[in-house]
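These notes concern the structure reproduced below.
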Protein chains: 4
Amino acid sequence: MSADVASDKHLHRLILFSDAVFAIAITLLAIEIHPPEHWSTIGELFQRMGYKLAAYAVSFAVVGIYWITHRRMCERLVRADIVLDALNLAMLGLVALLPLGTERLWEHAPAQAILVYVGLVAAIGVASGVMWGYAVFIGKLSEPLPRLEAVFLLLRMILLPGLMSGLSIFSLTYPWGWGLMGLLVAGTAMASRVVRRRSAAPPLAASMATSAASES
Amino acid sequence: MSADVASDKHLHRLILFSDAVFAIAITLLAIEIHPPEHWSTIGELFQRMGYKLAAYAVSFAVVGIYWITHRRMCERLVRADIVLDALNLAMLGLVALLPLGTERLWEHAPAQAILVYVGLVAAIGVASGVMWGYAVFIGKLSEPLPRLEAVFLLLRMILLPGLMSGLSIFSLTYPWGWGLMGLLVAGTAMASRVVRRRSAAPPLAASMATSAASES
Amino acid sequence: MSADVASDKHLHRLILFSDAVFAIAITLLAIEIHPPEHWSTIGELFQRMGYKLAAYAVSFAVVGIYWITHRRMCERLVRADIVLDALNLAMLGLVALLPLGTERLWEHAPAQAILVYVGLVAAIGVASGVMWGYAVFIGKLSEPLPRLEAVFLLLRMILLPGLMSGLSIFSLTYPWGWGLMGLLVAGTAMASRVVRRRSAAPPLAASMATSAASES
Amino acid sequence: MSADVASDKHLHRLILFSDAVFAIAITLLAIEIHPPEHWSTIGELFQRMGYKLAAYAVSFAVVGIYWITHRRMCERLVRADIVLDALNLAMLGLVALLPLGTERLWEHAPAQAILVYVGLVAAIGVASGVMWGYAVFIGKLSEPLPRLEAVFLLLRMILLPGLMSGLSIFSLTYPWGWGLMGLLVAGTAMASRVVRRRSAAPPLAASMATSAASES
């Protein structure tokens with residue numbers, strides 16, 4: 001019991017710290033946006049800042065999605081250990097580079113800069129996936145979880161953010177990319193539902209109901 | 001029971017993260033204020049920085065008012081879901097732009113810059129309103145709340161901050177604007193009282209007790 | 001009971017937010033320290049940065065003292081209201097200006113800049129005192145507290161930090177100022193003890209023991 | 001009882017504040033990394049930024065290790081007092097200088113700059129050690145702890161981070177340094193195990209149970 005409390009404290013502090021890093025990274029995204037020196041109408045202002053604001057919005061969404069991913073991951077965990085601390089730090093270290101990557105994105109619009117940016121986003125996904133994989137399969141830090149669901153969550157964590165950020169940057173140039181994005185989101189949501197139903201086999205029904213409720 | 005705890009955790013983490021973003025945005029407001037290179041007396045310093053300090057004070061008050069709004073909103077909620085996460089992130093994304101808007105305000109004092117600033121403040125109000133509207137009317141995330149009160153809070157959230165920031169900037173030029181401000185604040189406070197008394201009708205006494213209990 | 005819980009939540013969130021602002025202000029103090037472009041030995045580096053580092057240390061101590069003051073104040077409170085929110089925001093708004101004031105201090109060492117700095121520090125003390133005075137005497141937000149102790153704490157809050165920061169800057173030039181500082185700290189500690197003993201009259205003995213313990 | 005609650009609150013707030021400072025310092029490490037103005041291939045970008053990214057990674061690891069150290073220290077504490085506040089602030093004041101030290105590191109690669117950096121890292125270790133030493137041996141703020149373990153933790157806290165950061169910078173130049181690092185980590189882990197087994201002697205079983213309970 002008391003060991004549970006200590007673990008709970010550890011996990012709580014890991015969350016406190018991570019939230020602060022996410023919040024700082026997401027807020028710093030904005031401070032590098034410097035508006036043009038001279039402008040006369042609001043229309044002109046938005047036209048000249050449009051690309052910067054779009055890059056800001058995409059990066060804000062990326063950090064937001066990883067924050068949500070992190071929150072969901074931690075909801076499933078019941079304790080933390082030092083390896084999780086280290087993996088979490090590595091992941092946050094990549095998140096903290098995003099403001100920098102965003103700056104690059106709007107100054108060096110060409111393909112190379114975008115590739116670096118999407119690569120960084122994908123790397124955060126991989127780092128989150130490693131964290132989750134360790135927590136569930138090696139460190140046994142999570143609540144009991146059907147294997148199918150754990151693997152599905154792992155894949156979703158690793159692949160989805162990279163794909164979504166790549167697609168959204170792509171869609172800034174080719175608007176029909178937003179259609180693909182819709183398909184991707186809808187497909188993932190459907191797959192989630194299927195996995196959850198399959199995982200909810202009788203012996204696990206009780207634990208599943210709980211975890212499904214905790215995700216809402 | 002455990003689902004309640006998980007929801008409570010979700011809401012708690014949303015609050016932690018939001019508080020950090022509010023705190024960073026409010027503190028960053030100050031770091032762009034650079035005092036003049038040369039000055040000889042304190043009087044001269046304040047004279048030359050007066051406009052910047054006024055802009056800082058207004059922006060600080062704006063973030064403060066939205067923080068209070070957010071705190072009050074979250075006090076009424078009993079759980080959070082992923083849509084609330086997304087709407088909350090969108091709102092914070094606008095808050096994080098305020099330091100930038102403030103910088104604009106004091107460098108491009110003319111009407112256009114003020115319009116952009118007031119527009120941004122108003123947009124945060126609308127984003128808060130959308131968040132509240134979703135939570136109460138669609139997501140059913142709040143404690144039971146009389147419809148009249150919910151609608152009144154929605155309107156106040158959307159309209160008040162935009163009006164107040166517009167008026168306070170206006171009043172920096174036309175001091176009699178502060179009188180209008182006083183009327184606005186007094187009127188809103190009176191309306192709040194009326195709405196609350198009306199909402200506190202007998203049949204709701206029970207639901208109130210429930211909601212009070214669910215707040216623990 | 002449930003109203004107590006809501007108040008407790010309100011106070012908790014006010015503390016969360018304030019801690020984040022204090023933490024950001026204290027950390028930003030450092031980022032404006034830019035070391036000299038060229039230096040050859042470590043001795044030279046410290047000699048050329050000595051004044052900056054001393055200004056940093058003083059400002060860090062100032063924010064730290066106000067954080068401790070705030071923590072102690074909040075320990076005595078049992079609930080918060082919207083006026084406390086507003087007074088707290090005003091106080092934090094002055095704290096957020098400290099990094100700026102520090103920058104001034106080391107670039108414009110002359111008496112005028114120091115006066116502005118000490119004035120700002122003193123203003124934070126006054127703002128804290130107003131907050132405390134409201135909480136205890138007007139808003140009745142604190143636990144029961146002997147009047148003598150409440151007044152003593154008010155005076156200490158308002159006067160001590162301004163005096164200490166003034167003295168420590170003074171002492172950087174006139175080292176014998178540190179002696180005065182020692183006297184000031186010792187005198188305040190003695191006065192605290194006298195006030196506490198006097199306040200601990202029989203009828204209050206129980207509540208006092210608790211509050212004294214909670215201060216350690 | 002209520003004194004326990006107050007102490008617990010005090011400790012909790014010290015942790016909240018410290019976590020925020022750690023998080024800000026770790027995130028600010030990144031914002032001074034400015035990529036080169038012009039670059040054509042990703043390979044060139046990484047080649048030109050390699051040294052900066054390595055310095056970032058080392059500093060991130062240093063702050064991370066100190067955060068873990070701080071977390072572990074606080075897990076063992078059951079209350080806080082004002083001296084602990086002051087020592088904690090002093091330690092955080094050094095942590096907040098790390099972004100600055102990192103900047104120096106990659107601009108003035110030569111031995112002198114590295115010495116300043118490693119000196120700063122070691123100073124944080126010493127400050128943590130002083131904090132721990134005060135908490136355990138003087139202030140009696142910790143749960144009951146075998147003397148051997150307390151001393152071992154003190155030494156590890158003071159020496160390990162300085163050695164590790166020194167070694168990792170050394171290893172950037174002389175890759176065989178990583179071997180020494182491995183030995184250092186393995187040796188410390190082994191020593192930890194030995195100390196823990198020795199401390200877990202029968203007569204302490206009771207005190208352990210108590211301390212576990214007091215951790216809740």
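Quick note on naming: the chains in the structure tokens go A, B, ... in the order shown, residues restart at 1 in each chain, and ligands are numbered from 1 in order of appearance.
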| note | With chain C superposed on chain D over the full set of C-alpha atoms in order, the residual RMSD is 2.0 Å
| said: For the structure I just gave you, how does DSSP split segment 82-173 of chain D - specifically, which residues are alpha helix (DSSP H)? Reply as a PyMOL selection string. | reply: chain D and resi 82-95+98-107+111-133+147-173
Should the cut-off be 12 Å, what would the residue list for chain D against chain B look like, counting only C-alpha atoms, as a PDB file with N, CA and C atoms, in the first residue's frame?
```
ATOM      1  N   LEU D  16       6.603  21.544  -6.368  1.00  0.00           N
ATOM      2  CA  LEU D  16       5.947  22.217  -7.496  1.00  0.00           C
ATOM      3  C   LEU D  16       6.866  23.281  -8.092  1.00  0.00           C
ATOM      4  N   PHE D  17       7.392  24.120  -7.201  1.00  0.00           N
ATOM      5  CA  PHE D  17       8.224  25.239  -7.624  1.00  0.00           C
ATOM      6  C   PHE D  17       9.508  24.729  -8.271  1.00  0.00           C
ATOM      7  N   ASP D  19      10.080  21.824  -9.675  1.00  0.00           N
ATOM      8  CA  ASP D  19       9.807  21.188 -10.961  1.00  0.00           C
ATOM      9  C   ASP D  19       9.660  22.219 -12.058  1.00  0.00           C
ATOM     10  N   ALA D  20       8.989  23.319 -11.741  1.00  0.00           N
ATOM     11  CA  ALA D  20       8.819  24.364 -12.746  1.00  0.00           C
ATOM     12  C   ALA D  20      10.168  24.952 -13.130  1.00  0.00           C
ATOM     13  N   VAL D  21      11.033  25.208 -12.141  1.00  0.00           N
ATOM     14  CA  VAL D  21      12.352  25.772 -12.475  1.00  0.00           C
ATOM     15  C   VAL D  21      13.163  24.782 -13.303  1.00  0.00           C
ATOM     16  N   ALA D  23      12.043  22.485 -15.254  1.00  0.00           N
ATOM     17  CA  ALA D  23      11.437  22.373 -16.586  1.00  0.00           C
ATOM     18  C   ALA D  23      11.790  23.578 -17.448  1.00  0.00           C
ATOM     19  N   ILE D  24      11.790  24.761 -16.858  1.00  0.00           N
ATOM     20  CA  ILE D  24      12.109  25.950 -17.652  1.00  0.00           C
ATOM     21  C   ILE D  24      13.574  25.939 -18.051  1.00  0.00           C
TER      22      ILE D  24
END
```
| task | Counting only C-alpha atoms, figure out which residue out of B:Ile33, B:Leu183, B:Ala127, B:Val151 gets nearest to Lys52 of chain B. | result | B:Ile33
| field | Nearby residues (only C-alpha atoms) at most 12 Å from Arg147 of chain A, same-chain spacing under 3 positions excluded, as a VMD selection string | value | chain A and resid 133 136 to 137 142 to 144 150 to 154 195 to 196 198 to 201 204
Keeping only C-alpha atoms, write those residues as a JSON list (two decimals), in the first residue's frame.
```
[["chain", "number", "residue", "atom", "x", "y", "z"],
["A", 133, "GLY", "CA", 6.80, -0.24, -25.06],
["A", 136, "VAL", "CA", 3.99, -2.09, -20.80],
["A", 137, "PHE", "CA", 6.14, -4.95, -22.05],
["A", 142, "SER", "CA", 0.84, -0.36, -16.47],
["A", 143, "GLU", "CA", -2.50, -1.62, -15.32],
["A", 144, "PRO", "CA", -3.36, -5.03, -16.85],
["A", 150, "ALA", "CA", -1.06, -2.59, -26.08],
["A", 151, "VAL", "CA", 0.47, -3.33, -29.48],
["A", 152, "PHE", "CA", -2.13, -1.28, -31.32],
["A", 153, "LEU", "CA", -1.50, 1.69, -29.03],
["A", 154, "LEU", "CA", 2.23, 1.30, -29.60],
["A", 195, "VAL", "CA", -9.33, -3.37, -31.23],
["A", 196, "ARG", "CA", -11.20, -2.35, -28.13],
["A", 198, "ARG", "CA", -11.83, -7.56, -29.62],
["A", 199, "SER", "CA", -9.85, -6.94, -26.47],
["A", 200, "ALA", "CA", -13.00, -6.84, -24.39],
["A", 201, "ALA", "CA", -13.15, -10.64, -24.16],
["A", 204, "LEU", "CA", -11.05, -9.04, -19.23]]
```
| Exercise: Leu98 of chain C partners within 8 Å, only C-alpha atoms, chain neighbours under 2 positions left out, as an NGL selection string | :C and (25 or 29 or 59 or 94-96 or 100-102 or 117 or 120-121)
Please identify all polymer residues within 10 Å of Leu160 of chain D, counting only C-alpha atoms, omitting same-chain residues fewer than 5 positions from it, and present them as a PDB file with all heavy atoms, in the first residue's frame.
```pdb
ATOM      1  N   ILE D  65      19.465  14.511 -14.779  1.00  0.00           N
ATOM      2  CA  ILE D  65      20.026  13.756 -13.655  1.00  0.00           C
ATOM      3  C   ILE D  65      19.772  14.494 -12.344  1.00  0.00           C
ATOM      4  O   ILE D  65      19.414  13.890 -11.332  1.00  0.00           O
ATOM      5  CB  ILE D  65      21.538  13.505 -13.882  1.00  0.00           C
ATOM      6  CG1 ILE D  65      21.717  12.446 -14.977  1.00  0.00           C
ATOM      7  CG2 ILE D  65      22.219  13.048 -12.593  1.00  0.00           C
ATOM      8  CD1 ILE D  65      23.139  12.292 -15.457  1.00  0.00           C
ATOM      9  N   ALA D 122      29.413  20.630 -11.215  1.00  0.00           N
ATOM     10  CA  ALA D 122      29.868  20.101  -9.935  1.00  0.00           C
ATOM     11  C   ALA D 122      29.298  20.936  -8.786  1.00  0.00           C
ATOM     12  O   ALA D 122      28.929  20.392  -7.740  1.00  0.00           O
ATOM     13  CB  ALA D 122      31.388  20.092  -9.891  1.00  0.00           C
ATOM     14  N   GLY D 125      25.988  19.801  -7.883  1.00  0.00           N
ATOM     15  CA  GLY D 125      26.074  18.575  -7.101  1.00  0.00           C
ATOM     16  C   GLY D 125      26.362  18.884  -5.640  1.00  0.00           C
ATOM     17  O   GLY D 125      25.722  18.329  -4.731  1.00  0.00           O
ATOM     18  N   LEU D 155      27.376  11.237  -0.675  1.00  0.00           N
ATOM     19  CA  LEU D 155      28.568  11.209  -1.527  1.00  0.00           C
ATOM     20  C   LEU D 155      28.186  11.061  -2.998  1.00  0.00           C
ATOM     21  O   LEU D 155      28.731  11.739  -3.865  1.00  0.00           O
ATOM     22  CB  LEU D 155      29.478  10.045  -1.108  1.00  0.00           C
ATOM     23  CG  LEU D 155      30.159  10.235   0.252  1.00  0.00           C
ATOM     24  CD1 LEU D 155      30.962   8.995   0.607  1.00  0.00           C
ATOM     25  CD2 LEU D 155      31.060  11.468   0.233  1.00  0.00           C
ATOM     26  N   SER D 165      29.359  14.401 -16.004  1.00  0.00           N
ATOM     27  CA  SER D 165      29.371  15.429 -17.048  1.00  0.00           C
ATOM     28  C   SER D 165      30.799  15.668 -17.524  1.00  0.00           C
ATOM     29  O   SER D 165      31.042  15.859 -18.713  1.00  0.00           O
ATOM     30  CB  SER D 165      28.721  16.717 -16.559  1.00  0.00           C
ATOM     31  OG  SER D 165      29.570  17.388 -15.670  1.00  0.00           O
ATOM     32  N   GLY D 166      31.751  15.668 -16.589  1.00  0.00           N
ATOM     33  CA  GLY D 166      33.141  15.818 -16.998  1.00  0.00           C
ATOM     34  C   GLY D 166      33.538  14.713 -17.971  1.00  0.00           C
ATOM     35  O   GLY D 166      34.064  14.970 -19.053  1.00  0.00           O
ATOM     36  N   LEU D 184      32.005   3.587 -14.254  1.00  0.00           N
ATOM     37  CA  LEU D 184      31.525   4.456 -13.179  1.00  0.00           C
ATOM     38  C   LEU D 184      30.075   4.129 -12.833  1.00  0.00           C
ATOM     39  O   LEU D 184      29.713   3.953 -11.660  1.00  0.00           O
ATOM     40  CB  LEU D 184      31.648   5.918 -13.629  1.00  0.00           C
ATOM     41  CG  LEU D 184      31.255   6.997 -12.624  1.00  0.00           C
ATOM     42  CD1 LEU D 184      32.233   6.999 -11.460  1.00  0.00           C
ATOM     43  CD2 LEU D 184      31.247   8.365 -13.289  1.00  0.00           C
ATOM     44  N   VAL D 185      29.229   4.047 -13.863  1.00  0.00           N
ATOM     45  CA  VAL D 185      27.810   3.760 -13.639  1.00  0.00           C
ATOM     46  C   VAL D 185      27.629   2.382 -13.004  1.00  0.00           C
ATOM     47  O   VAL D 185      26.901   2.216 -12.020  1.00  0.00           O
ATOM     48  CB  VAL D 185      27.012   3.869 -14.960  1.00  0.00           C
ATOM     49  CG1 VAL D 185      25.608   3.337 -14.787  1.00  0.00           C
ATOM     50  CG2 VAL D 185      26.984   5.314 -15.441  1.00  0.00           C
ATOM     51  N   THR D 188      28.809   2.383  -9.369  1.00  0.00           N
ATOM     52  CA  THR D 188      27.881   3.052  -8.466  1.00  0.00           C
ATOM     53  C   THR D 188      26.664   2.178  -8.195  1.00  0.00           C
ATOM     54  O   THR D 188      26.193   2.075  -7.050  1.00  0.00           O
ATOM     55  CB  THR D 188      27.421   4.388  -9.074  1.00  0.00           C
ATOM     56  OG1 THR D 188      28.573   5.098  -9.526  1.00  0.00           O
ATOM     57  CG2 THR D 188      26.675   5.213  -8.055  1.00  0.00           C
TER      58      THR D 188
END
```
| request: Just the residues within 12 Å of Ile138 of chain C, please, counting only C-alpha atoms, with nothing from its chain fewer than 6 positions along; format it as a VMD selection string. | output: chain C and resid 81 83 to 84 130 to 132
Those same residues, written as a short mmCIF file (atom, residue, chain, number, x, y, z; two decimals), in the first residue's frame with C-alpha atoms?
```cif
data_model
loop_
_atom_site.label_atom_id
_atom_site.label_comp_id
_atom_site.auth_asym_id
_atom_site.auth_seq_id
_atom_site.Cartn_x
_atom_site.Cartn_y
_atom_site.Cartn_z
CA ASP C 81 -11.94 34.63 -3.56
CA VAL C 83 -10.46 39.78 -4.99
CA LEU C 84 -7.54 37.69 -3.79
CA VAL C 130 -2.17 44.51 0.53
CA MET C 131 -2.95 40.91 -0.42
CA TRP C 132 -2.38 39.72 3.14
#
```
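Between atom CA of Leu11 of chain B and atom CA of Leu141 of chain B the interatomic distance comes to 10.2 Å.
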| query | Any idea what's packed within 12 Å of Ala54 of chain C, counting only C-alpha atoms, ignoring anything in its chain fewer than 5 positions away? Could you give it as a list in words? | reply | Leu29, Ala30, Ile33, Phe46, Gln47, Arg48, Met49, Ser59, Phe60, Ala61, Thr102, Glu103, Leu105, Trp106, Ser168, Ile169, Ser171, Leu172 and Thr173 of chain C
